[in-house]
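Have a look at final.cif below; it lists mmCIF, C-alpha atoms and all ligand atoms.
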```
data_query
loop_
_atom_site.label_atom_id
_atom_site.label_comp_id
_atom_site.auth_asym_id
_atom_site.auth_seq_id
_atom_site.Cartn_x
_atom_site.Cartn_y
_atom_site.Cartn_z
CA MET A 790 4.58 -15.95 -2.26
CA PHE A 791 7.25 -13.32 -2.09
CA ARG A 792 10.79 -14.72 -2.08
CA LEU A 793 12.43 -13.55 1.13
CA SER A 794 15.85 -13.72 -0.53
CA ARG A 795 14.74 -11.07 -3.06
CA MET A 796 13.52 -8.67 -0.39
CA TYR A 797 16.83 -7.78 1.15
CA TYR A 798 20.34 -8.72 0.09
CA THR A 799 23.83 -7.29 -0.15
CA MET A 800 25.86 -7.36 -3.40
CA PRO A 801 29.62 -8.14 -3.28
CA ASP A 802 30.45 -4.40 -3.51
CA GLY A 803 28.26 -3.59 -0.51
CA THR A 804 25.19 -2.28 -2.36
CA ILE A 805 22.08 -3.28 -0.43
CA LYS A 806 19.06 -4.06 -2.61
CA GLN A 807 15.62 -4.00 -1.06
CA LEU A 808 12.16 -4.74 -2.37
CA ASN A 809 9.16 -3.66 -0.31
CA PRO A 810 6.83 -6.66 0.01
CA PHE A 811 3.73 -4.43 0.28
CA THR A 812 4.38 -1.75 -2.33
CA GLY A 813 6.90 -3.44 -4.63
CA THR A 814 9.14 -0.35 -4.29
CA GLU A 815 12.73 -1.14 -5.28
CA VAL A 816 15.33 0.57 -3.13
CA TRP A 817 19.11 0.55 -3.24
CA THR A 818 21.57 1.71 -0.64
CA VAL A 819 24.84 2.36 -2.45
CA PRO A 820 28.08 2.28 -0.43
CA GLY A 821 29.88 5.58 -0.07
CA ARG A 822 26.80 7.76 -0.63
CA GLY A 823 27.29 8.98 2.91
CA ARG A 824 24.69 9.24 5.62
CA LYS A 825 24.08 12.00 8.05
CA PRO A 826 24.06 10.88 11.68
CA ILE A 827 21.09 11.92 13.83
CA THR A 828 22.07 15.17 15.41
CA ASN A 829 20.38 17.67 17.61
CA LYS A 830 22.96 20.28 16.77
CA PRO A 831 21.09 23.50 16.10
CA PRO A 832 21.14 24.73 12.51
CA ALA A 833 23.18 27.86 11.73
CA THR A 834 19.92 29.76 11.06
CA ALA A 835 18.64 29.31 14.65
CA THR A 836 18.40 32.50 16.69
CA ARG A 837 17.50 33.33 20.31
CA ILE A 838 13.82 33.10 21.08
CA ASP A 839 12.05 36.30 22.00
CA HIS A 840 10.02 34.63 24.79
CA ARG A 841 6.32 35.48 24.85
CA ARG A 842 3.76 34.04 27.26
CA PRO A 843 1.32 32.72 26.26
CA GLU A 844 3.16 31.55 23.16
CA ASP A 845 2.50 33.66 20.10
CA TYR A 846 4.67 32.43 17.24
CA CYS A 847 2.23 30.97 14.70
CA ASN A 848 -1.51 30.49 14.12
CA PHE A 849 -1.46 27.22 16.07
CA CYS A 850 -0.11 28.90 19.21
CA GLU A 851 -2.22 29.13 22.35
CA SER A 852 -2.67 32.89 22.23
CA ARG A 853 -4.30 32.63 18.79
CA LEU A 854 -7.18 30.27 19.48
CA LEU A 855 -9.45 32.46 17.36
CA ASN A 856 -7.19 32.34 14.29
CA VAL A 857 -8.42 28.87 13.37
CA PRO A 858 -11.99 27.64 12.77
CA PRO A 859 -14.18 26.76 15.81
CA GLU A 860 -12.66 24.13 18.03
CA LYS A 861 -14.41 20.73 18.05
CA ALA A 862 -12.86 19.55 21.30
CA ARG A 863 -9.90 20.05 23.63
CA VAL A 864 -8.01 18.00 26.20
CA VAL A 865 -7.31 19.75 29.49
CA LYS A 866 -5.41 18.65 32.57
CA THR A 867 -6.83 19.80 35.88
CA ASP A 868 -5.53 18.56 39.23
CA GLY A 869 -3.67 15.78 37.45
CA GLU A 870 -6.84 14.58 35.67
CA TRP A 871 -7.08 14.55 31.88
CA LYS A 872 -10.47 15.56 30.53
CA VAL A 873 -12.00 16.14 27.11
CA LEU A 874 -14.23 19.21 26.62
CA SER A 875 -16.33 19.16 23.43
CA GLN A 876 -17.91 21.90 21.34
CA LEU A 877 -17.11 24.72 23.74
CA ASP A 878 -18.80 28.10 23.50
CA THR A 879 -16.43 30.65 21.94
CA ALA A 880 -16.61 32.75 25.11
CA ASP A 881 -15.07 29.85 27.08
CA TYR A 882 -11.98 29.35 24.90
CA PHE A 883 -9.64 31.11 27.29
CA GLU A 884 -11.21 29.71 30.49
CA THR A 885 -9.11 26.53 30.39
CA ALA A 886 -5.65 25.77 28.97
CA PRO A 887 -5.91 23.18 26.18
CA GLU A 888 -3.12 20.58 26.07
CA PHE A 889 -4.42 19.43 22.68
CA ARG A 890 -7.08 20.95 20.45
CA ARG A 891 -9.12 19.42 17.66
CA VAL A 892 -9.91 21.97 14.95
CA PRO A 893 -11.06 21.85 11.31
CA ASN A 894 -8.40 22.47 8.69
CA LEU A 895 -9.11 25.81 7.01
CA PHE A 896 -8.56 24.32 3.55
CA GLU A 897 -9.84 20.77 3.34
CA ILE A 898 -8.15 18.23 1.05
CA VAL A 899 -11.54 16.51 0.59
CA THR A 900 -14.12 19.28 0.79
CA LEU A 901 -17.57 19.30 2.35
CA ASP A 902 -18.98 19.84 -1.15
CA TYR A 903 -17.33 16.58 -2.22
CA TRP A 904 -19.38 14.72 0.42
CA LYS A 905 -22.56 16.68 -0.30
CA LEU A 906 -22.50 16.48 -4.10
CA ASN A 907 -21.21 12.93 -4.44
CA HIS A 908 -23.02 11.29 -1.56
CA GLY A 909 -25.87 13.54 -0.42
CA TYR A 910 -24.13 14.01 2.94
CA LYS A 911 -25.73 16.36 5.45
CA LEU A 912 -24.38 17.63 8.76
CA SER A 913 -25.34 15.34 11.63
CA GLU A 914 -28.05 16.62 13.97
CA ARG A 915 -25.49 17.15 16.75
CA ASN A 916 -23.14 19.16 14.54
CA ARG A 917 -26.02 21.18 13.06
CA ARG A 918 -27.19 22.16 16.57
CA TRP A 919 -23.63 23.12 17.49
CA GLN A 920 -23.35 25.38 14.43
CA GLU A 921 -26.66 27.06 15.30
CA ARG A 922 -25.53 27.62 18.89
CA ILE A 923 -22.19 29.15 17.87
CA LEU A 924 -23.74 31.42 15.23
CA ALA A 925 -26.42 32.56 17.69
CA SER A 926 -23.80 33.90 20.11
CA GLU A 927 -22.19 37.24 19.47
CA GLN A 928 -18.60 36.07 19.98
CA GLY A 929 -19.18 32.87 18.04
CA ALA A 930 -20.70 34.65 15.04
CA GLU A 931 -17.88 37.20 15.03
CA HIS A 932 -15.23 34.45 15.22
CA VAL A 933 -16.80 32.42 12.38
CA ARG A 934 -17.19 35.50 10.18
CA ARG A 935 -13.56 36.52 10.69
CA VAL A 936 -12.12 33.09 9.91
CA LEU A 937 -14.43 32.74 6.93
CA GLU A 938 -13.37 36.13 5.58
CA LEU A 939 -9.74 35.07 5.85
CA LYS A 940 -10.50 31.83 3.99
CA LEU A 941 -12.37 33.64 1.20
CA ARG A 942 -9.66 36.28 0.87
CA LEU A 943 -7.01 33.56 0.53
CA SER A 944 -9.25 31.90 -2.09
CA GLY A 945 -9.21 35.09 -4.19
CA ARG A 946 -12.73 36.42 -3.46
CA SER A 947 -13.06 40.18 -3.82
CA GLU A 948 -13.45 42.50 -0.81
CA GLU A 949 -16.87 43.52 -2.16
CA GLU A 950 -18.10 39.92 -2.25
CA ILE A 951 -16.81 39.39 1.27
CA ALA A 952 -18.46 42.57 2.59
CA ASN A 953 -21.82 41.53 1.10
CA LEU A 954 -22.03 38.13 2.82
CA THR A 955 -25.47 37.61 4.36
CA ASP A 956 -26.20 35.52 7.48
CA ASP A 957 -27.44 32.73 5.22
CA ASP A 958 -24.19 32.82 3.22
CA ILE A 959 -22.22 32.60 6.46
CA ARG A 960 -24.32 29.66 7.63
CA GLU A 961 -23.74 27.78 4.38
CA LEU A 962 -20.08 28.67 3.89
CA SER A 963 -19.20 27.83 7.49
CA GLU A 964 -20.65 24.30 7.32
CA PRO A 965 -17.19 22.76 6.69
CA PHE A 966 -16.12 24.13 10.09
CA PHE A 967 -18.86 22.16 11.82
CA GLY A 968 -19.20 19.00 9.77
CA GLY A 969 -16.18 18.77 7.43
CA GLY A 970 -13.87 15.78 7.25
CA HIS A 971 -10.39 17.29 7.51
CA GLU A 972 -9.19 18.03 11.02
CA LEU A 973 -6.07 18.88 12.96
CA ILE A 974 -4.98 17.84 16.41
CA ILE A 975 -2.78 20.67 17.65
CA ALA A 976 -0.41 20.27 20.59
CA ARG A 977 -0.11 23.11 23.11
CA ARG A 978 3.53 24.05 22.90
CA HIS A 979 5.31 25.66 19.97
CA TYR A 980 8.73 25.46 21.65
CA ARG A 981 9.74 22.66 24.00
CA GLU A 982 10.24 23.23 27.73
CA ASN A 983 13.29 25.36 28.55
CA ALA A 984 13.71 26.33 24.90
CA GLU A 985 16.34 28.97 24.17
CA ILE A 986 16.78 29.09 20.41
CA THR A 987 14.33 28.91 17.50
CA SER A 988 15.23 25.31 16.65
CA ASP A 989 14.12 24.15 20.14
CA LEU A 990 10.72 23.19 18.73
CA CYS A 991 8.36 20.84 20.53
CA SER A 992 8.19 17.62 18.46
CA SER A 993 6.30 14.43 19.38
CA GLY A 994 9.44 13.20 21.12
CA CYS A 995 9.52 16.32 23.34
CA LEU A 996 6.13 15.48 24.89
CA SER A 997 6.14 13.43 28.07
CA PRO A 998 5.15 9.75 27.60
CA GLU A 999 1.81 10.57 29.31
CA GLU A 1000 1.21 13.55 27.02
CA HIS A 1001 2.02 11.41 23.99
CA TYR A 1002 -0.51 8.80 25.10
CA GLN A 1003 -3.17 11.51 25.50
CA TYR A 1004 -2.23 12.85 22.05
CA LEU A 1005 -2.81 9.45 20.40
CA LYS A 1006 -5.98 8.80 22.40
CA PHE A 1007 -7.45 12.19 21.48
CA THR A 1008 -6.55 11.62 17.80
CA ILE A 1009 -8.34 8.26 17.91
CA ASP A 1010 -11.40 10.00 19.46
CA ALA A 1011 -11.43 12.37 16.47
CA LEU A 1012 -11.10 9.43 14.09
CA THR A 1013 -14.12 7.61 15.53
CA ASP A 1014 -16.15 10.82 15.73
CA LEU A 1015 -15.50 11.53 12.03
CA GLN A 1016 -16.75 8.05 11.20
CA GLN A 1017 -19.81 8.38 13.41
CA ASN A 1018 -20.85 11.72 11.92
CA ASN A 1019 -20.49 10.68 8.28
CA ARG A 1020 -21.74 7.24 7.29
CA TYR A 1021 -20.05 7.51 3.88
CA VAL A 1022 -16.59 7.47 5.43
CA ARG A 1023 -14.73 4.23 4.70
CA TYR A 1024 -11.31 5.23 5.99
CA VAL A 1025 -9.72 8.12 7.83
CA SER A 1026 -6.17 8.86 6.81
CA VAL A 1027 -4.09 9.94 9.83
CA PHE A 1028 -0.67 11.51 9.43
CA GLN A 1029 1.76 13.97 10.91
CA ASN A 1030 4.09 16.18 8.88
CA TRP A 1031 6.91 17.40 11.09
CA LEU A 1032 8.81 20.46 9.77
CA ALA A 1033 8.66 22.11 6.33
CA PRO A 1034 10.69 19.49 4.36
CA ALA A 1035 8.01 16.97 5.40
CA GLY A 1036 5.19 19.26 4.19
CA ALA A 1037 4.26 21.09 7.40
CA SER A 1038 2.95 24.63 6.98
CA PHE A 1039 3.78 25.57 10.60
CA ASP A 1040 6.67 24.41 12.82
CA HIS A 1041 4.08 23.64 15.49
CA LEU A 1042 3.27 20.02 16.33
CA HIS A 1043 0.00 18.79 14.81
CA THR A 1044 -1.56 15.65 13.36
CA GLN A 1045 -4.02 15.64 10.47
CA LEU A 1046 -7.08 13.46 9.86
CA VAL A 1047 -8.70 13.26 6.43
CA ALA A 1048 -11.92 11.28 5.98
CA LEU A 1049 -12.16 9.32 2.70
CA ASP A 1050 -14.88 7.44 0.84
CA GLU A 1051 -12.36 4.79 -0.19
CA TRP A 1052 -9.40 3.05 1.42
CA GLY A 1053 -6.73 4.60 -0.77
CA ALA A 1054 -4.22 2.64 -2.85
CA SER A 1055 -1.77 1.87 -0.02
CA VAL A 1056 -4.36 0.37 2.31
CA GLU A 1057 -6.07 -1.44 -0.60
CA GLY A 1058 -2.73 -3.04 -1.42
CA GLU A 1059 -2.27 -4.11 2.19
CA VAL A 1060 -5.82 -5.52 2.36
CA GLU A 1061 -5.22 -7.63 -0.77
CA LEU A 1062 -1.95 -9.05 0.53
CA ALA A 1063 -3.34 -9.70 4.00
CA GLU A 1064 -6.28 -11.59 2.46
CA LYS A 1065 -3.89 -13.81 0.51
CA ASP A 1066 -1.49 -14.38 3.38
CA PRO A 1067 -3.09 -13.82 6.81
CA ASN A 1068 0.26 -14.00 8.62
CA ILE A 1069 2.09 -11.62 6.28
CA TYR A 1070 2.89 -8.95 8.91
CA ASN A 1071 4.64 -11.54 11.05
CA GLU A 1072 6.35 -13.36 8.19
CA LEU A 1073 7.54 -10.46 6.07
CA ILE A 1074 7.89 -7.72 8.66
CA VAL A 1075 8.44 -8.76 12.26
CA ASN A 1076 9.80 -12.32 11.93
CA PHE A 1077 11.94 -11.20 9.01
CA ALA A 1078 13.20 -8.20 10.98
CA ALA A 1079 14.04 -10.52 13.89
CA TYR A 1080 16.06 -12.85 11.65
CA SER A 1081 17.82 -9.82 10.10
CA ASN A 1082 18.52 -8.06 13.43
CA LEU A 1083 16.29 -5.12 12.50
CA ILE A 1084 14.08 -5.12 15.61
CA PHE A 1085 15.41 -2.25 17.70
CA ALA A 1086 12.80 -1.89 20.47
CA GLU A 1087 9.96 -3.90 21.91
CA ASN A 1088 7.55 -4.07 24.82
CA GLU A 1089 4.61 -6.25 25.75
CA HIS A 1090 2.25 -4.46 23.38
CA ALA A 1091 4.30 -3.36 20.37
CA VAL A 1092 7.47 -3.94 18.41
CA ALA A 1093 9.61 -1.44 16.48
CA VAL A 1094 11.64 -2.31 13.40
CA ALA A 1095 13.96 -0.61 10.92
CA GLU A 1096 11.88 -1.05 7.76
CA ILE A 1097 13.12 -2.26 4.41
CA GLY A 1098 12.12 -1.03 0.94
CA HIS A 1099 11.17 2.58 1.57
CA ARG A 1100 12.35 5.68 -0.29
CA TYR A 1101 13.15 7.31 3.02
CA PRO A 1102 14.78 5.81 6.12
CA THR A 1103 11.70 4.40 7.89
CA LEU A 1104 10.89 3.21 11.40
CA GLY A 1105 7.84 0.95 11.84
CA VAL A 1106 5.92 0.35 15.07
CA TYR A 1107 3.48 -2.60 15.06
CA SER A 1108 0.77 -3.30 17.62
CA LYS A 1109 0.93 -6.85 18.98
CA SER A 1110 -2.69 -6.73 20.05
CA VAL A 1111 -5.36 -9.15 18.89
CA ASN A 1112 -7.52 -6.00 18.66
CA LEU A 1113 -7.05 -4.58 15.21
CA ARG A 1114 -8.16 -0.98 14.90
CA PRO A 1115 -6.75 1.93 16.91
CA TRP A 1116 -10.04 2.44 18.77
CA GLU A 1117 -10.27 -1.27 19.65
CA LEU A 1118 -7.04 -1.38 21.67
CA THR A 1119 -7.32 -1.55 25.47
CA HIS A 1120 -5.91 1.27 27.57
CA GLU A 1121 -2.78 -0.80 28.39
CA GLU A 1122 -2.25 -1.78 24.77
CA LEU A 1123 -2.55 1.79 23.56
CA TYR A 1124 -0.23 2.99 26.31
CA GLY A 1125 2.40 0.39 25.37
CA PHE A 1126 2.08 1.18 21.65
CA SER A 1127 2.28 4.92 22.33
CA ARG A 1128 5.46 4.43 24.36
CA LEU A 1129 7.30 2.89 21.43
CA VAL A 1130 6.10 5.54 18.95
CA HIS A 1131 7.14 8.23 21.44
CA ALA A 1132 10.54 6.56 21.94
CA CYS A 1133 11.15 6.59 18.16
CA HIS A 1134 10.39 10.32 17.96
CA ALA A 1135 12.48 11.05 21.04
CA ALA A 1136 15.41 9.08 19.62
CA MET A 1137 15.23 10.99 16.32
CA GLY A 1138 15.12 14.32 18.08
CA ASN A 1139 13.29 17.42 16.93
CA GLN A 1140 15.64 18.42 14.09
CA VAL A 1141 14.76 15.61 11.68
CA ALA A 1142 11.83 16.32 9.36
CA CYS A 1143 9.53 13.30 9.22
CA ASN A 1144 6.11 11.97 8.27
CA GLU A 1145 4.21 9.78 10.69
CA GLU A 1146 1.64 7.62 8.86
CA TRP A 1147 -1.01 5.38 10.41
CA TYR A 1148 -2.17 2.10 8.82
CA TYR A 1149 -5.05 0.01 10.15
CA ALA A 1150 -7.92 -2.23 9.02
CA PRO A 1151 -10.71 -0.07 7.53
CA ARG A 1152 -13.95 -0.24 9.46
CA ASP A 1153 -15.73 -1.93 6.53
CA ALA A 1154 -13.03 -4.54 5.88
CA LEU A 1155 -13.13 -8.03 7.36
CA VAL A 1156 -9.43 -8.49 6.75
CA ARG A 1157 -6.99 -8.66 9.66
CA ILE A 1158 -4.30 -5.98 9.63
CA PRO A 1159 -2.39 -4.98 12.77
CA TRP A 1160 -2.38 -1.27 13.52
CA HIS A 1161 1.04 0.10 12.59
CA ILE A 1162 2.68 3.47 12.31
CA LEU A 1163 5.50 4.28 9.91
CA ILE A 1164 7.82 7.18 10.65
CA LYS A 1165 9.64 8.29 7.52
CA LEU A 1166 12.71 10.49 7.94
CA ARG A 1167 12.74 13.11 5.20
CA THR A 1168 16.51 13.34 5.01
CA ASN A 1169 16.86 12.74 1.26
CA ASN A 1170 15.08 13.94 -1.88
CA PRO A 1171 14.28 11.46 -4.64
CA ALA A 1172 15.56 13.00 -7.89
CA GLY A 1173 15.70 12.40 -11.65
CA PHE A 1174 17.36 9.00 -11.40
CA GLU A 1175 14.49 7.76 -9.26
CA GLY A 1176 11.83 9.21 -11.56
CA GLY A 1177 13.32 7.53 -14.62
CA THR A 1178 14.07 4.11 -13.19
CA LYS A 1179 11.68 3.66 -10.26
CA ILE A 1180 14.75 2.48 -8.36
CA TYR A 1181 15.04 4.63 -5.27
CA ILE A 1182 18.31 5.49 -3.59
CA ASN A 1183 17.88 5.49 0.16
CA PRO A 1184 21.21 6.65 1.62
CA VAL A 1185 20.59 4.95 4.97
CA ALA A 1186 20.53 1.15 5.08
CA PRO A 1187 18.07 -0.36 7.59
CA THR A 1188 21.00 -1.63 9.66
CA ASP A 1189 22.53 1.88 9.69
CA LEU A 1190 19.20 3.35 10.77
CA ARG A 1191 19.01 0.81 13.60
CA ASP A 1192 22.57 1.70 14.64
CA MET A 1193 21.67 5.41 14.67
CA ILE A 1194 18.57 4.87 16.83
CA VAL A 1195 19.80 2.28 19.34
CA PRO A 1196 22.50 4.36 21.11
CA ARG A 1197 20.01 7.24 21.41
CA LEU A 1198 17.44 4.90 23.00
CA TYR A 1199 19.96 3.67 25.58
CA GLU A 1200 20.90 7.27 26.34
CA LEU A 1201 17.26 8.32 26.79
CA ARG A 1202 16.47 5.30 28.95
CA ASP A 1203 19.54 5.82 31.13
CA SER A 1204 18.42 9.40 31.74
CA GLY A 1205 14.93 8.15 32.73
CA TYR A 1206 13.23 9.99 29.86
CA ILE A 1207 11.77 6.85 28.28
CA ARG A 1208 10.71 3.71 30.09
CA GLY A 1209 8.88 0.45 29.58
CA LEU A 1210 10.76 -0.93 26.58
CA LYS A 1211 13.48 -3.39 25.73
CA ILE A 1212 16.19 -2.24 23.37
CA ALA A 1213 18.04 -4.12 20.59
CA GLU A 1214 19.52 -7.37 21.91
CA GLU A 1215 17.22 -7.32 24.96
CA CYS A 1216 14.16 -7.76 22.70
CA PRO A 1217 12.61 -11.22 22.99
CA CYS A 1218 11.95 -11.32 19.20
CA GLU A 1219 9.53 -14.23 19.49
CA PRO A 1220 8.24 -15.56 16.17
CA ASN A 1221 4.69 -14.46 15.32
CA SER A 1222 4.58 -11.94 18.15
CA LEU A 1223 1.81 -9.94 16.41
CA LYS A 1224 -1.46 -11.53 17.48
CA TYR A 1225 -3.69 -9.79 14.94
CA TYR A 1226 -4.14 -13.04 12.98
CA LEU A 1227 -6.15 -14.40 15.92
CA ALA A 1228 -8.72 -11.59 15.72
CA THR A 1229 -12.31 -12.63 15.10
CA ALA A 1230 -13.05 -9.90 12.54
ZN ZN A 1301 2.95 27.94 17.23
#
```
Translate the structure described by the file into structure tokens.
Amino acid sequence: MFRLSRMYYTMPDGTIKQLNPFTGTEVWTVPGRGRKPITNKPPATATRIDHRRPEDYCNFCESRLLNVPPEKARVVKTDGEWKVLSQLDTADYFETAPEFRRVPNLFEIVTLDYWKLNHGYKLSERNRRWQERILASEQGAEHVRRVLELKLRLSGRSEEEIANLTDDDIRELSEPFFGGGHELIIARRHYRENAEITSDLCSSGCLSPEEHYQYLKFTIDALTDLQQNNRYVRYVSVFQNWLAPAGASFDHLHTQLVALDEWGASVEGEVELAEKDPNIYNELIVNFAAYSNLIFAENEHAVAVAEIGHRYPTLGVYSKSVNLRPWELTHEELYGFSRLVHACHAAMGNQVACNEEWYYAPRDALVRIPWHILIKLRTNNPAGFEGGTKIYINPVAPTDLRDMIVPRLYELRDSGYIRGLKIAEECPCEPNSLKYYLATA
């Protein structure tokens, strides 16, 4: 059993040493290294926006629906009702205004060939019929050909090869668009409401709480659909890279899903620890955070902590539900969880580059792991010292991170922007508040 006293302690000079109980990562916060406060001050490079309606600033913008591969589904809001439309005809793309779109990533991390050659994967009947329908329509065939040409050009294929593509080539080469395992959920807005300058981008925290809930729900729909259409999938990695320093290729809000035939080292590590100690997420995360005053927000369905032992300042949101996997949560549980994740993003503002990472029990694991999301602020760059020693310098101590977030949360709640959460000292901090350990599977 991990010694709690080794996880988090302060040396006489003020250096805070942390050891991550899940990854073993050793992290130091050295006094005097300075920390940047969270600021929404625009960078000096920001300029006035040349407003265009519909938005037309990058390939994820709503005027460029045909610049990405065929859309798998969209969420629309009509007369106050949220609805999902799946596998639309290309001709209908501009008939409704998508709040969120689910599209294949042009360049997959794990390719369709990987699934075909290693597992004998074939497109599901439903996806195969959809491909046939799109290619049989004039607009659909034209759209697929154009996006495919772009992909091949970027992959270094010659213009002659591209010009000689037959219908059969197009059918085969476009299969990843219809049955691949790497997808994006793209939000509607590039800039937030009432934006004036180019740094007024629409981050997760700029969505309304309702929009954020729909965003998570739609992402979970994609996750389950990926699993249903490929029986070799053991885990779907879900993450969001916000801004270029966090790895985003466009400054336009999107989440990525990548289907995998294994759990990946991080989740495998969590599964092993959770098998050994079924109450580990309470003991070493939430109870520990409560005793160390690191819980900064809480509601009936989730709890948010300033995490220890990460290379980057990290916020963690843990589902309290007895239901383990994202798709098993009830509507109320998901809504409550979403509210805390949204509050974290809103408190950070849209100027801080970050990665949002999802962790949950794989569908083929019997182990109990509560769904949790880590938001890592990419404010520092690990350098040579870190590489040589495997001791990481995180300039922001967990207590400092908490103290940066808490005043922002009060401010946002006072203004009515966020609701339905208790902040800092208001949090009940009950021991063993995560109920995942009571789950039946
Ligand atoms: Zn855009």
Within 8 Å of ligand ZN 1301 (chain A): each chain A residue with its shortest pair, all atoms listed in the file, as JSON lines:
```
{"residue": "A:Glu844", "atom": "CA", "partner": "A:ZN1301", "partner_atom": "ZN", "distance": 6.9}
{"residue": "A:Asp845", "atom": "CA", "partner": "A:ZN1301", "partner_atom": "ZN", "distance": 6.4}
{"residue": "A:Tyr846", "atom": "CA", "partner": "A:ZN1301", "partner_atom": "ZN", "distance": 4.8}
{"residue": "A:Cys847", "atom": "CA", "partner": "A:ZN1301", "partner_atom": "ZN", "distance": 4.0}
{"residue": "A:Asn848", "atom": "CA", "partner": "A:ZN1301", "partner_atom": "ZN", "distance": 6.0}
{"residue": "A:Phe849", "atom": "CA", "partner": "A:ZN1301", "partner_atom": "ZN", "distance": 4.6}
{"residue": "A:Cys850", "atom": "CA", "partner": "A:ZN1301", "partner_atom": "ZN", "distance": 3.8}
{"residue": "A:Glu851", "atom": "CA", "partner": "A:ZN1301", "partner_atom": "ZN", "distance": 7.4}
{"residue": "A:Arg978", "atom": "CA", "partner": "A:ZN1301", "partner_atom": "ZN", "distance": 6.9}
{"residue": "A:His979", "atom": "CA", "partner": "A:ZN1301", "partner_atom": "ZN", "distance": 4.3}
{"residue": "A:Tyr980", "atom": "CA", "partner": "A:ZN1301", "partner_atom": "ZN", "distance": 7.7}
{"residue": "A:Phe1039", "atom": "CA", "partner": "A:ZN1301", "partner_atom": "ZN", "distance": 7.1}
{"residue": "A:Asp1040", "atom": "CA", "partner": "A:ZN1301", "partner_atom": "ZN", "distance": 6.8}
{"residue": "A:His1041", "atom": "CA", "partner": "A:ZN1301", "partner_atom": "ZN", "distance": 4.8}
{"residue": "A:Leu1042", "atom": "CA", "partner": "A:ZN1301", "partner_atom": "ZN", "distance": 8.0}
```
Exercise. So how far away is CA of Gly1053 in chain A from CA of Ser993 in chain A, in Å?
Worked result: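 One can read the CA of Ser993 in chain A to CA of Gly1053 in chain A distance as 25.9 Å.
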Problem set entry | Between CA of Gln928 in chain A and CA of Ala976 in chain A, distance in Å (one decimal) |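 CA of Ala976 in chain A lies at a distance of 24.1 Å from CA of Gln928 in chain A.
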Distance table requested - range 1159-1215 of chain A against range 1104-1127 of chain A, cut-off 10 Å, all atoms listed in the file: one row per qualifying residue with the closest atom pair and its distance in Å to one decimal, ordered by chain and rising residue number, as JSON lines.
```
{"residue": "A:Pro1159", "atom": "CA", "partner": "A:Leu1113", "partner_atom": "CA", "distance": 5.3}
{"residue": "A:Trp1160", "atom": "CA", "partner": "A:Ser1108", "partner_atom": "CA", "distance": 5.6}
{"residue": "A:His1161", "atom": "CA", "partner": "A:Tyr1107", "partner_atom": "CA", "distance": 4.4}
{"residue": "A:Ile1162", "atom": "CA", "partner": "A:Val1106", "partner_atom": "CA", "distance": 5.3}
{"residue": "A:Leu1163", "atom": "CA", "partner": "A:Gly1105", "partner_atom": "CA", "distance": 4.5}
{"residue": "A:Ile1164", "atom": "CA", "partner": "A:Leu1104", "partner_atom": "CA", "distance": 5.1}
{"residue": "A:Lys1165", "atom": "CA", "partner": "A:Leu1104", "partner_atom": "CA", "distance": 6.5}
{"residue": "A:Leu1166", "atom": "CA", "partner": "A:Leu1104", "partner_atom": "CA", "distance": 8.3}
{"residue": "A:Pro1187", "atom": "CA", "partner": "A:Leu1104", "partner_atom": "CA", "distance": 8.9}
{"residue": "A:Leu1190", "atom": "CA", "partner": "A:Leu1104", "partner_atom": "CA", "distance": 8.3}
{"residue": "A:Arg1191", "atom": "CA", "partner": "A:Leu1104", "partner_atom": "CA", "distance": 8.7}
{"residue": "A:Ile1194", "atom": "CA", "partner": "A:Leu1104", "partner_atom": "CA", "distance": 9.6}
{"residue": "A:Gly1209", "atom": "CA", "partner": "A:Gly1125", "partner_atom": "CA", "distance": 7.7}
{"residue": "A:Leu1210", "atom": "CA", "partner": "A:Gly1125", "partner_atom": "CA", "distance": 8.5}
```
Exercise. With only C-alpha atoms as the atoms that count, which of A:Leu808, A:Ala1048, A:Leu1032, A:Leu996 lies nearest to Arg1128 in chain A?
Worked result: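 The closest residue to Arg1128 in chain A is A:Leu996.
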Would you mind writing range 1167-1171 of chain A with N, CA, C and O atoms, as a compact mmCIF listing (two decimals), keeping the file's coordinate frame?
```
# COMPACT_ATOMS: atom_id res chain seq x y z
N ARG A 1167 12.61 12.43 6.49
CA ARG A 1167 12.74 13.11 5.20
C ARG A 1167 14.13 13.73 5.05
O ARG A 1167 14.29 14.95 4.94
N THR A 1168 15.13 12.85 5.04
CA THR A 1168 16.51 13.34 5.01
C THR A 1168 17.06 13.38 3.59
O THR A 1168 18.10 13.95 3.34
N ASN A 1169 16.38 12.76 2.64
CA ASN A 1169 16.86 12.74 1.26
C ASN A 1169 15.73 13.11 0.31
O ASN A 1169 14.56 12.98 0.66
N ASN A 1170 16.09 13.56 -0.89
CA ASN A 1170 15.08 13.94 -1.88
C ASN A 1170 15.22 13.07 -3.11
O ASN A 1170 16.22 13.15 -3.81
N PRO A 1171 14.21 12.23 -3.40
CA PRO A 1171 14.28 11.46 -4.64
C PRO A 1171 14.43 12.41 -5.83
O PRO A 1171 13.78 13.45 -5.88
```
